[in-house]
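run_2.txt (compact mmCIF, C-alpha atoms)
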# COMPACT_ATOMS: atom_id res chain seq x y z
CA MET Y 1 23.68 89.74 69.19
CA LYS Y 2 20.18 89.39 70.58
CA ARG Y 3 20.97 92.07 73.15
CA MET Y 4 22.07 94.54 70.51
CA GLN Y 5 18.94 93.80 68.52
CA THR Y 6 16.67 94.34 71.53
CA PHE Y 7 18.28 97.72 72.12
CA LEU Y 8 18.11 98.85 68.50
CA ASN Y 9 14.54 97.66 68.11
CA GLY Y 10 13.12 100.51 70.14
CA LEU Y 11 15.28 103.10 68.45
CA MET Y 12 14.32 102.32 64.88
CA LYS Y 13 12.03 99.50 63.88
CA GLU Y 14 9.57 99.84 66.75
CA ASN Y 15 10.04 103.50 67.61
CA PRO Y 16 7.27 104.16 70.14
CA ILE Y 17 6.17 107.45 68.59
CA PHE Y 18 6.72 107.14 64.87
CA VAL Y 19 5.84 103.48 64.39
CA ILE Y 20 3.70 102.07 67.19
CA MET Y 21 2.29 105.46 68.17
CA LEU Y 22 2.03 105.11 71.92
CA GLY Y 23 2.40 107.96 74.35
CA MET Y 24 1.15 110.69 72.08
CA CYS Y 25 0.00 113.05 74.84
CA PRO Y 26 3.41 113.96 76.29
CA THR Y 27 4.86 113.93 72.78
CA LEU Y 28 2.55 116.69 71.64
CA GLY Y 29 2.35 118.45 74.98
CA VAL Y 30 5.98 119.06 75.89
CA SER Y 31 7.70 119.26 72.51
CA SER Y 32 7.45 123.03 72.13
CA ASN Y 33 11.24 123.18 72.24
CA ALA Y 34 14.14 120.74 72.05
CA ILE Y 35 15.30 121.10 75.67
CA ASN Y 36 11.87 120.19 77.06
CA GLY Y 37 11.83 117.23 74.67
CA ILE Y 38 15.11 115.88 76.00
CA GLY Y 39 14.08 116.44 79.62
CA MET Y 40 10.78 114.63 79.22
CA GLY Y 41 12.44 111.88 77.16
CA LEU Y 42 15.10 111.17 79.75
CA ALA Y 43 12.61 111.21 82.63
CA THR Y 44 10.48 108.65 80.78
CA THR Y 45 13.59 106.59 79.93
CA PHE Y 46 14.52 106.38 83.61
CA VAL Y 47 11.01 105.22 84.55
CA LEU Y 48 10.96 102.73 81.67
CA VAL Y 49 14.33 101.17 82.55
CA MET Y 50 13.65 100.92 86.29
CA SER Y 51 10.09 99.60 85.94
CA ASN Y 52 11.21 97.09 83.27
CA LEU Y 53 13.98 95.89 85.61
CA ILE Y 54 11.72 95.50 88.66
CA VAL Y 55 8.89 93.93 86.67
CA SER Y 56 11.25 91.39 85.09
CA LEU Y 57 12.54 90.45 88.57
CA VAL Y 58 9.16 90.09 90.31
CA ALA Y 59 7.03 88.88 87.41
CA GLY Y 60 7.29 85.25 88.56
CA TYR Y 61 5.88 86.02 92.02
CA ILE Y 62 2.86 88.11 91.04
CA PRO Y 63 -0.43 86.25 90.51
CA ASP Y 64 -1.71 86.74 87.01
CA LYS Y 65 -4.96 88.43 88.05
CA VAL Y 66 -3.41 91.34 89.91
CA ARG Y 67 -0.45 91.90 87.61
CA ILE Y 68 -1.67 95.13 85.98
CA PRO Y 69 -2.36 96.96 89.28
CA SER Y 70 1.01 95.77 90.63
CA TYR Y 71 2.83 97.04 87.53
CA VAL Y 72 1.03 100.37 87.90
CA VAL Y 73 2.18 100.67 91.51
CA ILE Y 74 5.79 99.91 90.50
CA ILE Y 75 5.63 102.51 87.73
CA ALA Y 76 3.98 105.12 89.96
CA THR Y 77 6.77 104.64 92.53
CA PHE Y 78 9.47 105.53 90.03
CA VAL Y 79 7.44 108.41 88.65
CA THR Y 80 7.28 109.83 92.17
CA VAL Y 81 11.07 109.42 92.45
CA VAL Y 82 11.55 111.36 89.20
CA GLN Y 83 9.03 113.99 90.26
CA LEU Y 84 10.70 114.70 93.61
CA THR Y 85 14.24 114.60 92.18
CA MET Y 86 13.37 116.99 89.38
CA GLN Y 87 11.55 119.34 91.72
CA ALA Y 88 14.67 119.52 93.91
CA TRP Y 89 17.43 119.77 91.29
CA LEU Y 90 15.83 121.07 88.08
CA PRO Y 91 12.99 123.33 89.24
CA SER Y 92 12.75 125.31 85.99
CA LEU Y 93 12.45 122.17 83.83
CA TYR Y 94 9.94 120.78 86.34
CA ALA Y 95 7.86 123.94 86.02
CA SER Y 96 7.80 123.83 82.21
CA LEU Y 97 6.94 120.11 82.02
CA GLY Y 98 4.31 120.59 84.72
CA LEU Y 99 1.44 118.14 84.69
CA PHE Y 100 3.15 115.79 82.25
CA ILE Y 101 5.59 114.42 84.85
CA PRO Y 102 2.94 112.74 87.05
CA LEU Y 103 1.20 111.68 83.84
CA ILE Y 104 4.14 109.41 82.93
CA VAL Y 105 2.20 106.90 85.04
CA VAL Y 106 -0.49 106.63 82.38
CA ASN Y 107 1.94 106.76 79.46
CA CYS Y 108 1.02 103.66 77.48
CA ILE Y 109 4.65 102.95 76.51
CA VAL Y 110 5.72 102.21 80.08
CA LEU Y 111 2.88 99.83 80.95
CA GLY Y 112 3.00 98.44 77.41
CA ARG Y 113 6.65 97.39 77.69
CA ALA Y 114 6.12 95.93 81.17
CA GLU Y 115 3.24 93.83 79.89
CA ALA Y 116 4.64 92.96 76.45
CA PHE Y 117 8.33 92.51 77.18
CA ALA Y 118 9.62 92.74 80.74
CA CYS Y 119 7.36 90.12 82.30
CA LYS Y 120 8.57 87.49 79.82
CA ASN Y 121 12.28 88.29 79.66
CA GLY Y 122 15.31 88.42 81.95
CA ALA Y 123 16.68 91.45 83.76
CA VAL Y 124 19.49 92.36 81.30
CA LEU Y 125 17.30 92.14 78.21
CA SER Y 126 14.55 94.12 79.96
CA ILE Y 127 16.96 96.93 80.85
CA LEU Y 128 18.19 97.06 77.24
CA ASP Y 129 14.62 97.09 75.96
CA GLY Y 130 13.81 99.94 78.34
CA LEU Y 131 16.89 101.87 77.21
CA GLY Y 132 16.13 101.33 73.53
CA MET Y 133 12.48 102.33 73.83
CA GLY Y 134 13.39 105.27 76.07
CA PHE Y 135 16.02 106.59 73.68
CA GLY Y 136 13.67 106.09 70.74
CA PHE Y 137 11.08 108.16 72.61
CA THR Y 138 13.68 110.80 73.54
CA PHE Y 139 14.88 110.97 69.94
CA ALA Y 140 11.34 111.48 68.62
CA LEU Y 141 10.54 114.15 71.22
CA THR Y 142 13.78 116.04 70.64
CA LEU Y 143 13.39 115.96 66.86
CA LEU Y 144 9.81 117.22 67.09
CA GLY Y 145 10.82 119.86 69.64
CA ALA Y 146 13.74 121.06 67.52
CA ILE Y 147 11.58 121.38 64.38
CA ARG Y 148 8.86 123.29 66.21
CA GLU Y 149 11.39 125.54 67.91
CA PHE Y 150 13.14 126.22 64.59
CA LEU Y 151 9.97 127.03 62.66
CA GLY Y 152 8.38 128.97 65.48
CA THR Y 153 11.15 131.03 67.01
CA GLY Y 154 14.17 130.55 64.75
CA LYS Y 155 16.16 128.81 67.46
CA VAL Y 156 17.42 125.28 67.98
CA PHE Y 157 18.49 124.36 71.54
CA ASP Y 158 18.21 128.09 72.35
CA LEU Y 159 20.81 128.95 69.67
CA THR Y 160 19.48 131.59 67.31
CA ILE Y 161 19.52 130.49 63.66
CA TYR Y 162 17.42 133.30 62.18
CA PRO Y 163 15.76 136.35 63.78
CA GLU Y 164 12.70 135.56 65.86
CA GLN Y 165 10.32 137.94 64.07
CA TYR Y 166 10.46 135.79 60.91
CA GLY Y 167 9.26 132.67 62.74
CA SER Y 168 5.59 131.73 62.75
CA LEU Y 169 4.40 131.40 66.31
CA ILE Y 170 1.71 128.89 65.36
CA PHE Y 171 4.30 126.08 65.39
CA VAL Y 172 5.07 126.65 69.07
CA LEU Y 173 1.37 126.74 69.93
CA ALA Y 174 -1.00 123.76 70.03
CA PRO Y 175 -1.92 123.43 66.32
CA GLY Y 176 1.75 123.31 65.29
CA ALA Y 177 2.32 120.20 67.40
CA PHE Y 178 -0.34 118.23 65.56
CA ILE Y 179 0.66 119.45 62.11
CA VAL Y 180 4.43 118.92 62.49
CA LEU Y 181 3.95 115.44 63.96
CA GLY Y 182 1.52 114.56 61.17
CA TYR Y 183 3.99 115.47 58.44
CA LEU Y 184 6.88 113.86 60.34
CA ILE Y 185 5.03 110.53 60.51
CA ALA Y 186 4.15 110.81 56.82
CA VAL Y 187 7.84 111.31 55.95
CA ILE Y 188 8.91 108.39 58.14
CA ASN Y 189 6.24 106.13 56.61
CA LYS Y 190 7.61 107.04 53.20
CA ILE Y 191 11.21 106.27 54.22
CA ASN Y 192 10.24 102.96 55.83
CA LYS Y 193 8.37 101.81 52.74
CA THR Y 194 11.15 102.39 50.24
CA MET C 1 -20.27 133.75 87.58
CA GLN C 2 -17.08 132.00 88.56
CA TYR C 3 -18.70 128.66 87.61
CA LEU C 4 -19.61 130.02 84.18
CA ILE C 5 -15.97 131.01 83.67
CA ILE C 6 -14.82 127.50 84.62
CA VAL C 7 -17.32 125.97 82.18
CA ILE C 8 -16.43 128.18 79.20
CA SER C 9 -12.73 127.94 79.88
CA ALA C 10 -12.77 124.13 80.13
CA ILE C 11 -14.97 123.50 77.09
CA LEU C 12 -13.77 126.10 74.61
CA VAL C 13 -10.68 128.06 75.62
CA ASN C 14 -8.52 125.42 77.28
CA ASN C 15 -10.04 122.42 75.55
CA ILE C 16 -8.45 119.38 77.15
CA VAL C 17 -7.63 117.64 73.86
CA LEU C 18 -6.88 120.47 71.48
CA ALA C 19 -5.15 122.93 73.81
CA GLN C 20 -3.74 120.78 76.62
CA PHE C 21 -2.92 117.59 74.72
CA LEU C 22 -4.51 115.16 77.15
CA GLY C 23 -6.44 112.15 75.95
CA ILE C 24 -4.91 112.08 72.49
CA CYS C 25 -4.93 108.26 72.34
CA PRO C 26 -8.73 107.86 72.60
CA PHE C 27 -9.10 111.02 70.49
CA LEU C 28 -7.27 109.37 67.59
CA GLY C 29 -8.35 105.81 68.41
CA VAL C 30 -12.12 105.83 68.84
CA SER C 31 -13.02 108.79 66.66
CA LYS C 32 -13.66 106.82 63.48
CA ASN C 33 -17.45 107.14 63.80
CA SER C 34 -19.73 109.32 65.88
CA THR C 35 -21.57 106.53 67.75
CA THR C 36 -18.40 105.20 69.39
CA ALA C 37 -17.29 108.78 70.02
CA ILE C 38 -20.45 109.49 72.00
CA GLY C 39 -20.08 106.26 73.98
CA MET C 40 -16.50 107.05 74.89
CA ALA C 41 -17.34 110.64 75.84
CA ALA C 42 -20.19 109.50 78.10
CA ALA C 43 -18.00 106.92 79.84
CA VAL C 44 -15.27 109.52 80.35
CA ALA C 45 -17.73 112.06 81.77
CA PHE C 46 -19.09 109.52 84.21
CA VAL C 47 -15.73 108.28 85.52
CA MET C 48 -14.12 111.73 85.49
CA THR C 49 -16.76 113.28 87.74
CA LEU C 50 -16.70 110.37 90.18
CA SER C 51 -12.91 110.17 90.34
CA THR C 52 -12.55 113.93 90.85
CA ILE C 53 -14.88 113.79 93.86
CA VAL C 54 -13.10 110.78 95.39
CA THR C 55 -9.55 112.04 94.79
CA TYR C 56 -10.52 115.47 96.16
CA LEU C 57 -11.78 113.91 99.37
CA VAL C 58 -8.72 111.66 99.66
CA GLN C 59 -6.35 114.58 99.11
CA HIS C 60 -8.03 116.81 101.70
CA PHE C 61 -8.95 114.28 104.37
CA ILE C 62 -6.14 111.72 104.12
CA LEU C 63 -3.04 112.95 102.29
CA ASP C 64 -2.94 116.54 103.58
CA PRO C 65 -3.62 115.88 107.29
CA LEU C 66 -1.02 113.09 107.31
CA GLN C 67 1.43 115.27 105.35
CA VAL C 68 2.08 112.57 102.77
CA SER C 69 1.09 114.53 99.68
CA TYR C 70 4.09 113.07 97.83
CA LEU C 71 1.99 109.90 97.59
CA GLN C 72 -0.48 111.80 95.38
CA THR C 73 0.46 110.15 92.08
CA ILE C 74 0.41 106.59 93.44
CA SER C 75 -2.80 106.95 95.42
CA PHE C 76 -4.68 108.76 92.65
CA ILE C 77 -3.89 106.19 89.98
CA LEU C 78 -4.88 103.35 92.32
CA ILE C 79 -8.14 105.11 93.18
CA ILE C 80 -8.93 105.61 89.51
CA ALA C 81 -8.12 102.00 88.61
CA ALA C 82 -10.24 100.69 91.50
CA LEU C 83 -13.06 103.09 90.69
CA VAL C 84 -13.19 102.01 87.05
CA GLN C 85 -13.46 98.37 88.11
CA LEU C 86 -16.14 99.25 90.66
CA VAL C 87 -18.17 101.25 88.15
CA GLU C 88 -17.92 98.35 85.73
CA ILE C 89 -19.19 95.82 88.31
CA ILE C 90 -22.01 98.08 89.56
CA LEU C 91 -23.17 99.00 86.08
CA LYS C 92 -23.26 95.35 85.07
CA LYS C 93 -25.57 94.57 88.02
CA VAL C 94 -27.73 97.70 88.13
CA SER C 95 -28.10 98.80 84.54
CA PRO C 96 -27.20 96.19 81.95
CA ALA C 97 -28.36 98.49 79.15
CA LEU C 98 -25.95 101.25 80.14
CA TYR C 99 -23.25 98.63 80.65
CA GLN C 100 -23.83 97.39 77.12
CA ALA C 101 -23.37 100.92 75.83
CA LEU C 102 -20.32 101.93 77.88
CA GLY C 103 -18.84 98.50 78.63
CA VAL C 104 -16.12 98.36 75.99
CA TYR C 105 -14.80 101.80 76.82
CA LEU C 106 -14.55 101.45 80.58
CA PRO C 107 -11.32 99.40 80.85
CA LEU C 108 -9.64 101.80 78.41
CA ILE C 109 -10.35 104.70 80.72
CA THR C 110 -7.81 103.74 83.39
CA THR C 111 -4.99 104.66 81.03
CA ASN C 112 -6.78 107.74 79.72
CA CYS C 113 -4.62 110.58 80.96
CA THR C 114 -7.52 113.06 81.09
CA ILE C 115 -8.89 111.37 84.23
CA LEU C 116 -5.65 111.55 86.23
CA GLY C 117 -4.91 114.96 84.69
CA VAL C 118 -8.21 116.49 85.83
CA ALA C 119 -7.86 114.95 89.30
CA ILE C 120 -4.41 116.53 89.70
CA LEU C 121 -5.45 119.85 88.11
CA THR C 122 -8.37 120.17 90.53
CA ILE C 123 -5.86 119.97 93.39
CA THR C 124 -3.23 122.28 91.86
CA LYS C 125 -5.80 124.92 90.87
CA GLN C 126 -7.09 124.82 94.48
CA PHE C 127 -10.72 124.41 93.50
CA ASN C 128 -13.27 123.59 96.18
CA LEU C 129 -15.36 120.45 95.80
CA LEU C 130 -18.21 122.05 93.86
CA GLU C 131 -15.84 123.91 91.53
CA GLY C 132 -13.97 120.63 91.04
CA VAL C 133 -17.16 118.83 90.00
CA VAL C 134 -18.14 121.64 87.61
CA PHE C 135 -14.60 121.58 86.21
CA ALA C 136 -14.69 117.79 85.71
CA ILE C 137 -18.09 117.80 83.99
CA SER C 138 -17.21 120.67 81.66
CA THR C 139 -13.80 119.19 80.83
CA ALA C 140 -15.54 115.96 79.89
CA GLY C 141 -17.93 118.08 77.81
CA GLY C 142 -14.99 119.65 76.01
CA PHE C 143 -13.50 116.20 75.41
CA GLY C 144 -16.83 115.00 74.01
CA LEU C 145 -17.20 118.07 71.81
CA ALA C 146 -13.72 117.68 70.30
CA LEU C 147 -14.24 113.93 69.83
CA LEU C 148 -17.63 114.39 68.14
CA ILE C 149 -16.47 117.14 65.76
CA PHE C 150 -13.39 115.13 64.88
CA ALA C 151 -15.38 111.92 64.33
CA ASN C 152 -17.72 113.72 61.94
CA ILE C 153 -14.82 115.18 59.98
CA ARG C 154 -13.23 111.74 59.72
CA GLU C 155 -16.49 110.21 58.50
CA GLN C 156 -16.54 112.79 55.72
CA MET C 157 -12.88 112.15 54.95
CA GLU C 158 -13.56 108.50 54.12
CA PHE C 159 -14.66 109.64 50.68
CA SER C 160 -11.90 112.11 49.94
CA ASN C 161 -8.82 111.44 47.90
CA ILE C 162 -5.85 111.54 50.28
CA PRO C 163 -2.23 111.27 49.08
CA GLU C 164 -0.78 107.80 49.75
CA GLY C 165 1.80 108.82 52.35
CA LEU C 166 -0.65 110.89 54.40
CA LYS C 167 -3.27 108.16 54.85
CA GLY C 168 -4.18 107.11 58.39
CA THR C 169 -2.55 108.83 61.34
CA PRO C 170 -0.75 111.67 59.50
CA ILE C 171 -3.91 113.13 57.98
CA ALA C 172 -5.77 112.65 61.28
CA LEU C 173 -3.07 114.63 63.09
CA ILE C 174 -3.05 117.41 60.52
CA THR C 175 -6.86 117.65 60.70
CA ALA C 176 -6.60 117.84 64.49
CA GLY C 177 -4.09 120.66 64.05
CA ILE C 178 -6.51 122.67 61.93
CA LEU C 179 -9.29 121.97 64.44
CA ALA C 180 -6.99 123.20 67.21
CA MET C 181 -6.42 126.37 65.20
CA ALA C 182 -10.18 126.90 65.06
CA PHE C 183 -10.43 126.47 68.83
CA MET C 184 -7.64 129.02 69.28
CA GLY C 185 -10.15 131.58 68.08
CA PHE C 186 -11.84 131.28 71.48
CA SER C 187 -8.76 132.36 73.40
CA GLY C 188 -9.28 135.70 75.06
CA ILE C 189 -12.97 135.12 75.82
CA VAL C 190 -12.18 134.39 79.45

Output the file's structure as structure tokens, nothing else.
Amino acid sequence: MKRMQTFLNGLMKENPIFVIMLGMCPTLGVSSNAINGIGMGLATTFVLVMSNLIVSLVAGYIPDKVRIPSYVVIIATFVTVVQLTMQAWLPSLYASLGLFIPLIVVNCIVLGRAEAFACKNGAVLSILDGLGMGFGFTFALTLLGAIREFLGTGKVFDLTIYPEQYGSLIFVLAPGAFIVLGYLIAVINKINKT
Amino acid sequence: MQYLIIVISAILVNNIVLAQFLGICPFLGVSKNSTTAIGMAAAVAFVMTLSTIVTYLVQHFILDPLQVSYLQTISFILIIAALVQLVEIILKKVSPALYQALGVYLPLITTNCTILGVAILTITKQFNLLEGVVFAISTAGGFGLALLIFANIREQMEFSNIPEGLKGTPIALITAGILAMAFMGFSGIV
């Protein structure tokens, strides 16, 4: 029961983007279409799960004073793993995500979960927490990407819904990211309150 | 000439916050009034310039000769974290007044993605050291400019009548979107 709850927590009640609002930079930066959103989301999920697992295993051995630097090193290791793997197998996705892959290191969600959850809980719960948070993040990114792609180019997941010339390009460009996310959070606030 | 292009491009055309989406957290977090915005911008400028110099030297004199450039992410983030601590300790000893002004913002800077972002961008854009420093200073200037404008808008917004659901983050994001639209007007200058 508690395991299920830990997993669902990140998806809904404590969704990292819509509710606790951590990790805004990659959210706005890579969500210009749904595919990029999924790619970035899954990369972050992998880092979250692995760093949560390792942190929960070694938390007892790390002196309190140096815990943050040690967590950062653990996280940076897995980010490098993702970076090299993606460069080798998914070069086109790697090119479009660009700078935001190494920047997973400074994504507040990853360090936040290590500090707030993984260092106090066991391995299984930490993995589930990482999965829940990661999927919540992926869901938010994909939703935002799909909306921007739909409004901007008339496509969702590269499937054409309406002809491209009727789309307004502004939603794919920088201002659209801020505006769509703003309204999305407003809608979710409204739903959560009622 | 090429330095002027770097400056204009980093401050106006490719503004780090409004066009490249780095440093959104401090942008939304500390932009409630202009005094804190200036403090944060100054701290960022200071650390960004220092860290760009150090990471540039590490990349070119340690990582490249040893052919271990895949360690870039790990080494850069450690350098930045150590540097922030060092700056904090030195400032406390040497200039207590400056430490008073910047102190609160310094620990926050380690997780500010603009610092790591600029360090990596300097390497990927293959700048030399001087270009890197100019790039870092002007990027910090662009960050400060966006933060200051945004803080002033938010101070004005305190008195406006905002619909219930849009209060807080949503209206801040939408305002940032309109600001980003204004900055888009600069595209094409360089």

- Task: Compare Y:Phe18, Y:Phe139, Y:Phe46, Y:Phe150 by their minimum atom-to-atom distance to Leu169 of chain Y, counting all atoms listed in the file, and give me the closest one.
- Result: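 Among the listed residues, the smallest separation from Leu169 of chain Y belongs to Y:Phe150.
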
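Every residue within 7 Å of the file position (-14.5, 115.6, 86.7), judged by all atoms listed in the file, is given as Ala45, Met48, Thr49, Leu50, Ser51, Thr52, Val118, Gly132, Val133, Phe135, Ala136, Ile137, Thr139 and Ala140 of chain C.
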
- Find the residues in chain Y near chain C: any atom within 10 Å counts, using all atoms listed in the file. Write them as a ChimeraX atom specification. /Y:21-30,68-70,72-81,83-84,99-108,111,170,173-191,193

- Return the single residue from C:Val13, C:Ile109, C:Leu147, C:Ala43 that is closest to Gly185 of chain C, with distances computed using only C-alpha atoms.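 Counting only C-alpha atoms, the residue closest to Gly185 of chain C is C:Val13.
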
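The protein and nucleic acid residues lying at most 9 Å from Phe137 of chain Y are Gly10, Leu11, Asn15, Pro16, Ile17, Phe18, Gly23, Thr27, Gly41, Leu42, Thr44 and Thr45 of chain Y, with all atoms listed in the file considered and sequence neighbours fewer than 6 positions away removed.
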
Go ahead and dump the residues you just picked, C-alpha atoms, as an mmCIF file, keeping the file's coordinate frame.
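Listed below is the output, selection.cif:
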data_model
loop_
_atom_site.group_PDB
_atom_site.id
_atom_site.type_symbol
_atom_site.label_atom_id
_atom_site.label_comp_id
_atom_site.auth_asym_id
_atom_site.auth_seq_id
_atom_site.Cartn_x
_atom_site.Cartn_y
_atom_site.Cartn_z
ATOM 1 C CA GLY Y 10 13.120 100.510 70.140
ATOM 2 C CA LEU Y 11 15.280 103.100 68.450
ATOM 3 C CA ASN Y 15 10.040 103.500 67.610
ATOM 4 C CA PRO Y 16 7.270 104.160 70.140
ATOM 5 C CA ILE Y 17 6.170 107.450 68.590
ATOM 6 C CA PHE Y 18 6.720 107.140 64.870
ATOM 7 C CA GLY Y 23 2.400 107.960 74.350
ATOM 8 C CA THR Y 27 4.860 113.930 72.780
ATOM 9 C CA GLY Y 41 12.440 111.880 77.160
ATOM 10 C CA LEU Y 42 15.100 111.170 79.750
ATOM 11 C CA THR Y 44 10.480 108.650 80.780
ATOM 12 C CA THR Y 45 13.590 106.590 79.930
#

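Separating atom CA of Leu86 of chain C from atom CA of Val58 of chain Y is a distance of 26.9 Å.
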
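Between atom CA of Gly142 of chain C and atom CA of Leu83 of chain C the separation is 22.2 Å.
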
Segment 128-137 of chain Y, all listed atoms, 4 Å padding on each side: what axis-aligned box centre and edge lengths in Å to one decimal come out, as JSON?
{"center_x": 14.6, "center_y": 102.6, "center_z": 74.5, "size_x": 15.1, "size_y": 19.1, "size_z": 15.6}

May I have the residues within 10 Å of Gly154 of chain Y as a short mmCIF file (atom, residue, chain, number, x, y, z; two decimals) with C-alpha atoms, keeping the file's coordinate frame, using all atoms listed in the file and disregarding those fewer than 4 positions away in the same chain?
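File written: selection-v4.cif
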data_model
loop_
_atom_site.label_atom_id
_atom_site.label_comp_id
_atom_site.auth_asym_id
_atom_site.auth_seq_id
_atom_site.Cartn_x
_atom_site.Cartn_y
_atom_site.Cartn_z
CA ALA Y 146 13.74 121.06 67.52
CA ILE Y 147 11.58 121.38 64.38
CA ARG Y 148 8.86 123.29 66.21
CA GLU Y 149 11.39 125.54 67.91
CA PHE Y 150 13.14 126.22 64.59
CA ASP Y 158 18.21 128.09 72.35
CA LEU Y 159 20.81 128.95 69.67
CA THR Y 160 19.48 131.59 67.31
CA ILE Y 161 19.52 130.49 63.66
CA TYR Y 162 17.42 133.30 62.18
CA PRO Y 163 15.76 136.35 63.78
CA GLU Y 164 12.70 135.56 65.86
CA GLN Y 165 10.32 137.94 64.07
CA TYR Y 166 10.46 135.79 60.91
CA GLY Y 167 9.26 132.67 62.74
CA SER Y 168 5.59 131.73 62.75
CA LEU Y 169 4.40 131.40 66.31
#

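Here atom CA of Lys92 of chain C stands at a distance of 22.1 Å from atom CA of Ile53 of chain C.
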
- Could you pull the residues within 10 Å of Met12 of chain Y, counting only C-alpha atoms, minus those fewer than 2 positions along the same chain, as a PyMOL selection string? chain Y and resi 7-10+14-16+18-19+132-133+135-136+192

Could you write out the selected residues, including C-alpha atoms, as a PDB file, keeping the file's coordinate frame?
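result34.pdb, written as the output of this step:
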ATOM      1  CA  PHE Y   7      18.280  97.720  72.120  1.00  0.00           C
ATOM      2  CA  LEU Y   8      18.110  98.850  68.500  1.00  0.00           C
ATOM      3  CA  ASN Y   9      14.540  97.660  68.110  1.00  0.00           C
ATOM      4  CA  GLY Y  10      13.120 100.510  70.140  1.00  0.00           C
ATOM      5  CA  GLU Y  14       9.570  99.840  66.750  1.00  0.00           C
ATOM      6  CA  ASN Y  15      10.040 103.500  67.610  1.00  0.00           C
ATOM      7  CA  PRO Y  16       7.270 104.160  70.140  1.00  0.00           C
ATOM      8  CA  PHE Y  18       6.720 107.140  64.870  1.00  0.00           C
ATOM      9  CA  VAL Y  19       5.840 103.480  64.390  1.00  0.00           C
ATOM     10  CA  GLY Y 132      16.130 101.330  73.530  1.00  0.00           C
ATOM     11  CA  MET Y 133      12.480 102.330  73.830  1.00  0.00           C
ATOM     12  CA  PHE Y 135      16.020 106.590  73.680  1.00  0.00           C
ATOM     13  CA  GLY Y 136      13.670 106.090  70.740  1.00  0.00           C
ATOM     14  CA  ASN Y 192      10.240 102.960  55.830  1.00  0.00           C
TER      15      ASN Y 192
END

- Query: Which is closest to Arg113 of chain Y among Y:Leu90, Y:Met40, Y:Leu125, Y:Leu151, if we use all atoms listed in the file?
  - Reply: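 Once distances to Arg113 of chain Y are computed over all atoms listed in the file, the minimum belongs to Y:Leu125.
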
- Query: Hey, what's within 8 Å of Tyr56 of chain C if we count only C-alpha atoms and toss same-chain stuff fewer than 3 positions away? As number ranges by chain, please?
  - Reply: C: 52-53, 59-60, 119, 122-123, 129
